[in-house]
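One file, start31.pdb, carrying PDB, C-alpha atoms:
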```
ATOM      1  CA  MET Y   1      17.114  -0.202   9.875
ATOM      2  CA  ASN Y   2      20.040   2.021   9.028
ATOM      3  CA  ASP Y   3      19.678   5.726   8.240
ATOM      4  CA  LYS Y   4      19.784   5.274   4.450
ATOM      5  CA  THR Y   5      17.117   2.557   4.489
ATOM      6  CA  ALA Y   6      14.915   4.626   6.818
ATOM      7  CA  LEU Y   7      15.204   7.668   4.563
ATOM      8  CA  ILE Y   8      14.357   5.609   1.474
ATOM      9  CA  PHE Y   9      11.382   4.083   3.311
ATOM     10  CA  TYR Y  10       9.948   7.451   4.367
ATOM     11  CA  LEU Y  11      10.512   9.037   0.968
ATOM     12  CA  GLY Y  12       8.775   6.028  -0.590
ATOM     13  CA  ILE Y  13       5.776   6.327   1.735
ATOM     14  CA  ILE Y  14       5.455  10.068   1.165
ATOM     15  CA  SER Y  15       5.809   9.887  -2.615
ATOM     16  CA  LEU Y  16       3.328   6.991  -2.743
ATOM     17  CA  GLN Y  17       0.701   9.165  -1.052
ATOM     18  CA  TYR Y  18       1.066  11.753  -3.819
ATOM     19  CA  ILE Y  19       0.928   9.089  -6.519
ATOM     20  CA  VAL Y  20      -2.297   7.661  -5.071
ATOM     21  CA  LYS Y  21      -3.820  11.129  -4.792
ATOM     22  CA  ILE Y  22      -2.978  11.876  -8.445
ATOM     23  CA  LEU Y  23      -4.386   8.509  -9.576
ATOM     24  CA  LYS Y  24      -7.612   9.099  -7.626
ATOM     25  CA  SER Y  25      -8.051  12.490  -9.313
ATOM     26  CA  ILE Y  26      -7.511  10.903 -12.740
ATOM     27  CA  ILE Y  27      -9.594   7.735 -12.276
ATOM     28  CA  LYS Y  28     -12.400   9.383 -10.247
ATOM     29  CA  GLU Y  29     -14.045   6.119  -9.204
ATOM     30  CA  ASP Y  30     -16.579   6.537  -6.423
ATOM     31  CA  ARG Y  31     -16.460   4.531  -3.236
ATOM     32  CA  PRO Y  32     -19.219   1.986  -2.515
ATOM     33  CA  ILE Y  33     -20.636   4.422   0.063
ATOM     34  CA  LYS Y  34     -21.083   8.100  -0.651
ATOM     35  CA  LYS Y  35     -18.073  10.142   0.424
ATOM     36  CA  LYS Y  36     -16.477  13.314  -0.837
ATOM     37  CA  THR Y  37     -13.305  11.470  -1.872
ATOM     38  CA  TYR Y  38     -12.680   8.927  -4.599
ATOM     39  CA  GLY Y  39     -11.795   5.329  -3.823
ATOM     40  CA  MET Y  40      -9.561   4.047  -6.640
ATOM     41  CA  PRO Y  41      -6.919   3.000  -5.666
ATOM     42  CA  SER Y  42      -7.169   2.467  -1.921
ATOM     43  CA  THR Y  43      -4.584   4.578  -0.092
ATOM     44  CA  LYS Y  44      -4.557   2.307   2.946
ATOM     45  CA  SER Y  45      -4.073  -0.807   0.829
ATOM     46  CA  ALA Y  46      -1.276   0.827  -1.185
ATOM     47  CA  THR Y  47       0.465   1.992   1.976
ATOM     48  CA  LEU Y  48       0.182  -1.300   3.856
ATOM     49  CA  PHE Y  49       1.393  -3.363   0.932
ATOM     50  CA  PHE Y  50       4.205  -0.910   0.225
ATOM     51  CA  ILE Y  51       5.369  -1.542   3.804
ATOM     52  CA  VAL Y  52       5.039  -5.314   3.367
ATOM     53  CA  GLY Y  53       6.920  -5.242   0.061
ATOM     54  CA  PHE Y  54       9.616  -2.966   1.436
ATOM     55  CA  LEU Y  55      10.245  -5.238   4.417
ATOM     56  CA  VAL Y  56      10.297  -8.380   2.279
ATOM     57  CA  LEU Y  57      12.682  -6.873  -0.268
ATOM     58  CA  ASN Y  58      15.070  -5.210   2.177
ATOM     59  CA  TYR Y  59      15.392  -7.860   4.852
ATOM     60  CA  ASN Y  60      16.221 -11.529   4.757
ATOM     61  CA  LEU Y  61      12.933 -12.770   6.222
ATOM     62  CA  LYS Y  62      11.852 -16.347   6.758
ATOM     63  CA  ASP Y  63       8.951 -17.666   4.671
ATOM     64  CA  ASP Y  64       6.608 -17.832   7.667
ATOM     65  CA  THR Y  65       7.385 -14.194   8.515
ATOM     66  CA  ILE Y  66       6.613 -13.158   4.933
ATOM     67  CA  LEU Y  67       3.282 -14.996   5.074
ATOM     68  CA  LYS Y  68       2.460 -13.316   8.388
ATOM     69  CA  LEU Y  69       3.230  -9.890   6.931
ATOM     70  CA  PHE Y  70       0.925 -10.484   3.961
ATOM     71  CA  PHE Y  71      -1.777 -11.809   6.299
ATOM     72  CA  LEU Y  72      -1.481  -8.675   8.454
ATOM     73  CA  GLY Y  73      -1.683  -6.539   5.318
ATOM     74  CA  PHE Y  74      -4.932  -8.258   4.327
ATOM     75  CA  LEU Y  75      -6.305  -7.892   7.847
ATOM     76  CA  GLY Y  76      -5.438  -4.208   7.754
ATOM     77  CA  VAL Y  77      -7.729  -3.567   4.796
ATOM     78  CA  LEU Y  78     -10.584  -5.940   5.596
ATOM     79  CA  TYR Y  79     -12.494  -3.351   7.592
ATOM     80  CA  LYS Y  80     -12.491  -1.077   4.532
ATOM     81  CA  LEU Y  81     -14.450  -3.796   2.725
ATOM     82  CA  TYR Y  82     -16.683  -4.529   5.708
ATOM     83  CA  TYR Y  83     -17.707  -0.879   6.073
ATOM     84  CA  LYS Y  84     -17.966  -0.523   2.285
ATOM     85  CA  GLU Y  85     -15.386   2.263   2.162
ATOM     86  CA  HIS Y  86     -13.729   0.484  -0.770
ATOM     87  CA  SER Y  87     -14.615  -2.180  -3.306
ATOM     88  CA  TYR Y  88     -12.556  -5.340  -3.813
ATOM     89  CA  LYS Y  89     -11.212  -3.828  -7.016
ATOM     90  CA  GLN Y  90     -10.039  -0.678  -5.219
ATOM     91  CA  ILE Y  91      -8.347  -2.714  -2.464
ATOM     92  CA  ILE Y  92      -6.609  -5.026  -4.941
ATOM     93  CA  ALA Y  93      -5.482  -2.108  -7.121
ATOM     94  CA  GLY Y  94      -4.052  -0.344  -4.079
ATOM     95  CA  GLY Y  95      -2.256  -3.495  -2.944
ATOM     96  CA  ILE Y  96      -0.743  -4.100  -6.366
ATOM     97  CA  LEU Y  97       0.327  -0.465  -6.606
ATOM     98  CA  GLY Y  98       1.951  -0.617  -3.153
ATOM     99  CA  LEU Y  99       3.849  -3.812  -3.931
ATOM    100  CA  PHE Y 100       4.928  -2.553  -7.364
ATOM    101  CA  TYR Y 101       6.082   0.777  -5.937
ATOM    102  CA  SER Y 102       8.048  -0.954  -3.167
ATOM    103  CA  TYR Y 103       9.876  -2.870  -5.907
ATOM    104  CA  ILE Y 104      10.594   0.352  -7.809
ATOM    105  CA  ILE Y 105      11.932   2.065  -4.689
ATOM    106  CA  TYR Y 106      13.995  -1.007  -3.820
ATOM    107  CA  SER Y 107      15.445  -1.189  -7.342
ATOM    108  CA  LEU Y 108      16.287   2.521  -7.452
ATOM    109  CA  SER Y 109      17.992   2.388  -4.061
ATOM    110  CA  ARG Y 110      20.387  -0.406  -5.100
TER     111      ARG Y 110
END
```

Mind turning this structure into structure tokens?
Amino acid sequence: MNDKTALIFYLGIISLQYIVKILKSIIKEDRPIKKKTYGMPSTKSATLFFIVGFLVLNYNLKDDTILKLFFLGFLGVLYKLYYKEHSYKQIIAGGILGLFYSYIIYSLSR
């Protein structure tokens, strides 16, 4: 990863955190278990799938590597479902947001 790509990656991750926080304060959807924070969209899911999308878009990866990255992304959020910290809807929304935002960042950096 060169310096420009690394900077774009970190700025993308940081700005995504703010976007998710703003969306949570607007949507105000509770988590499946009682917590003081809202659950929609899932921050972890958005972050993991932003990373997956960023890697796929910025590097010439083989198909099996892309599948492995998506599988690892799904594994990374499964425990959130198991412990009922997020609903399926919150996980999927976060994943879609992360992938979409990685595409936006990729497009703006070209």

(message) I want to know what sits within 12 Å of Y:Ala93, based on only C-alpha atoms, with residues of the same chain fewer than 6 positions away left out; could you give that as a PyMOL selection string?
(response) chain Y and resi 20+23-24+27+39-47+49+86-87+99-101

(request) Identify the residues within 12 Å of coordinate (-18.4, 1.3, 3.2) (same frame as the file), considering all atoms listed in the file, and give the answer as a ChimeraX atom specification. (result) /Y:30-35,39,77-88

(message) Assuming the chain letters and numbering stay as they are in my file, what does the PyMOL selection byres ((chain Y and resi 103) around 12) actually select? List them as a PyMOL selection string.
(response) chain Y and resi 9+12+49-58+96-102+104-110

Let's have the selection written as an mmCIF file, keeping the file's coordinate frame, with C-alpha atoms.
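Output below, filename part17.cif:
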```cif
data_model
loop_
_atom_site.group_PDB
_atom_site.id
_atom_site.type_symbol
_atom_site.label_atom_id
_atom_site.label_comp_id
_atom_site.auth_asym_id
_atom_site.auth_seq_id
_atom_site.Cartn_x
_atom_site.Cartn_y
_atom_site.Cartn_z
ATOM 1 C CA PHE Y 9 11.382 4.083 3.311
ATOM 2 C CA GLY Y 12 8.775 6.028 -0.590
ATOM 3 C CA PHE Y 49 1.393 -3.363 0.932
ATOM 4 C CA PHE Y 50 4.205 -0.910 0.225
ATOM 5 C CA ILE Y 51 5.369 -1.542 3.804
ATOM 6 C CA VAL Y 52 5.039 -5.314 3.367
ATOM 7 C CA GLY Y 53 6.920 -5.242 0.061
ATOM 8 C CA PHE Y 54 9.616 -2.966 1.436
ATOM 9 C CA LEU Y 55 10.245 -5.238 4.417
ATOM 10 C CA VAL Y 56 10.297 -8.380 2.279
ATOM 11 C CA LEU Y 57 12.682 -6.873 -0.268
ATOM 12 C CA ASN Y 58 15.070 -5.210 2.177
ATOM 13 C CA ILE Y 96 -0.743 -4.100 -6.366
ATOM 14 C CA LEU Y 97 0.327 -0.465 -6.606
ATOM 15 C CA GLY Y 98 1.951 -0.617 -3.153
ATOM 16 C CA LEU Y 99 3.849 -3.812 -3.931
ATOM 17 C CA PHE Y 100 4.928 -2.553 -7.364
ATOM 18 C CA TYR Y 101 6.082 0.777 -5.937
ATOM 19 C CA SER Y 102 8.048 -0.954 -3.167
ATOM 20 C CA ILE Y 104 10.594 0.352 -7.809
ATOM 21 C CA ILE Y 105 11.932 2.065 -4.689
ATOM 22 C CA TYR Y 106 13.995 -1.007 -3.820
ATOM 23 C CA SER Y 107 15.445 -1.189 -7.342
ATOM 24 C CA LEU Y 108 16.287 2.521 -7.452
ATOM 25 C CA SER Y 109 17.992 2.388 -4.061
ATOM 26 C CA ARG Y 110 20.387 -0.406 -5.100
#
```

(message) Using all atoms listed in the file, can you tell me which of Y:Lys4, Y:Gly76, Y:Thr65, Y:Glu29 comes closest to Y:Lys89?
(response)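 Nearest to Y:Lys89: Y:Glu29.
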
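Among Y:Leu48, Y:Lys36, Y:Asn60, Y:Gly73, the residue with the shortest atom-to-atom distance to Y:Gln17, counting all atoms listed in the file, is Y:Leu48.
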
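Of note, atom CA of Y:Ile66 and atom CA of Y:Gly95 are spaced 15.3 Å apart.
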
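With only C-alpha atoms as the basis for measurement, Y:Tyr59 is the residue among Y:Tyr59, Y:Phe70, Y:Tyr38, Y:Tyr18 that approaches Y:Thr5 most closely.
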
(request) One decimal, Å: what's the distance from atom CA of Y:Gly94 over to atom CA of Y:Asp3, could you say? (result)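 Computing the Euclidean distance for atom CA of Y:Gly94 and atom CA of Y:Asp3 yields 27.4 Å.
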
(message) Can you measure atom CA of Y:Ile91 to atom CA of Y:Leu11 for me? One decimal in Å is fine.
(response)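 It comes out at 22.5 Å.
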
Add whatever atoms are absent from stretch 27-38 of chain Y to reach all heavy atoms, and provide the output as a CSV table (one decimal), in the frame of the given file.
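Wrote selection.csv, looks like this:
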```
chain,number,residue,atom,x,y,z
Y,27,ILE,N,-8.6,8.8,-12.1
Y,27,ILE,CA,-9.6,7.7,-12.3
Y,27,ILE,C,-11.0,8.1,-11.9
Y,27,ILE,O,-12.0,7.8,-12.5
Y,27,ILE,CB,-9.1,6.5,-11.5
Y,27,ILE,CG1,-7.8,6.0,-12.0
Y,27,ILE,CG2,-10.2,5.4,-11.5
Y,27,ILE,CD1,-7.1,5.0,-11.2
Y,28,LYS,N,-11.1,8.9,-10.8
Y,28,LYS,CA,-12.4,9.4,-10.2
Y,28,LYS,C,-13.5,8.3,-10.1
Y,28,LYS,O,-14.6,8.5,-10.4
Y,28,LYS,CB,-12.9,10.5,-11.1
Y,28,LYS,CG,-12.0,11.7,-11.2
Y,28,LYS,CD,-12.6,12.8,-12.0
Y,28,LYS,CE,-11.6,14.0,-12.0
Y,28,LYS,NZ,-12.1,15.1,-12.8
Y,29,GLU,N,-13.1,7.2,-9.5
Y,29,GLU,CA,-14.0,6.1,-9.2
Y,29,GLU,C,-14.6,6.3,-7.8
Y,29,GLU,O,-13.9,6.4,-6.8
Y,29,GLU,CB,-13.4,4.7,-9.3
Y,29,GLU,CG,-14.4,3.6,-9.1
Y,29,GLU,CD,-13.7,2.3,-9.4
Y,29,GLU,OE1,-13.3,2.0,-10.5
Y,29,GLU,OE2,-13.6,1.5,-8.4
Y,30,ASP,N,-15.9,6.3,-7.7
Y,30,ASP,CA,-16.6,6.5,-6.4
Y,30,ASP,C,-16.4,5.3,-5.5
Y,30,ASP,O,-16.1,4.2,-6.0
Y,30,ASP,CB,-18.1,6.8,-6.6
Y,30,ASP,CG,-18.4,8.1,-7.2
Y,30,ASP,OD1,-17.6,9.1,-7.0
Y,30,ASP,OD2,-19.4,8.2,-8.0
Y,31,ARG,N,-16.5,5.6,-4.2
Y,31,ARG,CA,-16.5,4.5,-3.2
Y,31,ARG,C,-17.8,3.9,-3.2
Y,31,ARG,O,-18.8,4.4,-3.7
Y,31,ARG,CB,-16.2,5.1,-1.9
Y,31,ARG,CG,-14.8,5.8,-1.8
Y,31,ARG,CD,-14.7,6.5,-0.5
Y,31,ARG,NE,-13.4,7.2,-0.4
Y,31,ARG,CZ,-12.3,6.7,0.3
Y,31,ARG,NH1,-12.5,5.5,0.9
Y,31,ARG,NH2,-11.2,7.3,0.3
Y,32,PRO,N,-17.9,2.6,-2.6
Y,32,PRO,CA,-19.2,2.0,-2.5
Y,32,PRO,C,-20.2,2.8,-1.7
Y,32,PRO,O,-21.4,2.7,-2.0
Y,32,PRO,CB,-18.9,0.7,-1.8
Y,32,PRO,CG,-17.5,0.4,-2.2
Y,32,PRO,CD,-16.8,1.8,-2.2
Y,33,ILE,N,-19.7,3.5,-0.7
Y,33,ILE,CA,-20.6,4.4,0.1
Y,33,ILE,C,-20.3,5.9,-0.3
Y,33,ILE,O,-19.2,6.2,-0.8
Y,33,ILE,CB,-20.5,4.3,1.6
Y,33,ILE,CG1,-19.1,4.5,2.0
Y,33,ILE,CG2,-20.9,2.9,2.0
Y,33,ILE,CD1,-18.9,4.6,3.5
Y,34,LYS,N,-21.3,6.7,-0.2
Y,34,LYS,CA,-21.1,8.1,-0.7
Y,34,LYS,C,-20.1,8.8,0.3
Y,34,LYS,O,-20.3,8.9,1.5
Y,34,LYS,CB,-22.4,8.9,-0.7
Y,34,LYS,CG,-23.3,8.5,-1.8
Y,34,LYS,CD,-22.7,9.0,-3.1
Y,34,LYS,CE,-23.6,8.6,-4.3
Y,34,LYS,NZ,-22.9,8.8,-5.5
Y,35,LYS,N,-19.0,9.3,-0.3
Y,35,LYS,CA,-18.1,10.1,0.4
Y,35,LYS,C,-17.6,11.2,-0.5
Y,35,LYS,O,-17.8,11.1,-1.7
Y,35,LYS,CB,-16.9,9.3,0.9
Y,35,LYS,CG,-17.1,8.5,2.1
Y,35,LYS,CD,-15.8,8.1,2.7
Y,35,LYS,CE,-16.0,7.7,4.2
Y,35,LYS,NZ,-14.8,7.5,4.8
Y,36,LYS,N,-16.9,12.2,0.0
Y,36,LYS,CA,-16.5,13.3,-0.8
Y,36,LYS,C,-15.2,13.0,-1.6
Y,36,LYS,O,-14.8,13.7,-2.4
Y,36,LYS,CB,-16.3,14.6,0.0
Y,36,LYS,CG,-17.5,15.1,0.6
Y,36,LYS,CD,-17.3,16.4,1.4
Y,36,LYS,CE,-18.6,16.9,2.0
Y,36,LYS,NZ,-18.4,18.1,2.8
Y,37,THR,N,-14.6,11.9,-1.2
Y,37,THR,CA,-13.3,11.5,-1.9
Y,37,THR,C,-13.5,10.2,-2.7
Y,37,THR,O,-14.4,9.5,-2.5
Y,37,THR,CB,-12.2,11.2,-0.8
Y,37,THR,OG1,-12.7,10.1,0.0
Y,37,THR,CG2,-11.9,12.4,0.0
Y,38,TYR,N,-12.6,10.1,-3.7
Y,38,TYR,CA,-12.7,8.9,-4.6
Y,38,TYR,C,-12.0,7.7,-4.0
Y,38,TYR,O,-11.2,7.9,-3.0
Y,38,TYR,CB,-12.0,9.3,-5.9
Y,38,TYR,CG,-12.8,10.3,-6.7
Y,38,TYR,CD1,-12.2,11.6,-7.0
Y,38,TYR,CD2,-14.1,10.0,-7.2
Y,38,TYR,CE1,-12.9,12.5,-7.7
Y,38,TYR,CE2,-14.8,11.0,-7.9
Y,38,TYR,CZ,-14.2,12.2,-8.1
Y,38,TYR,OH,-14.9,13.2,-8.8
```
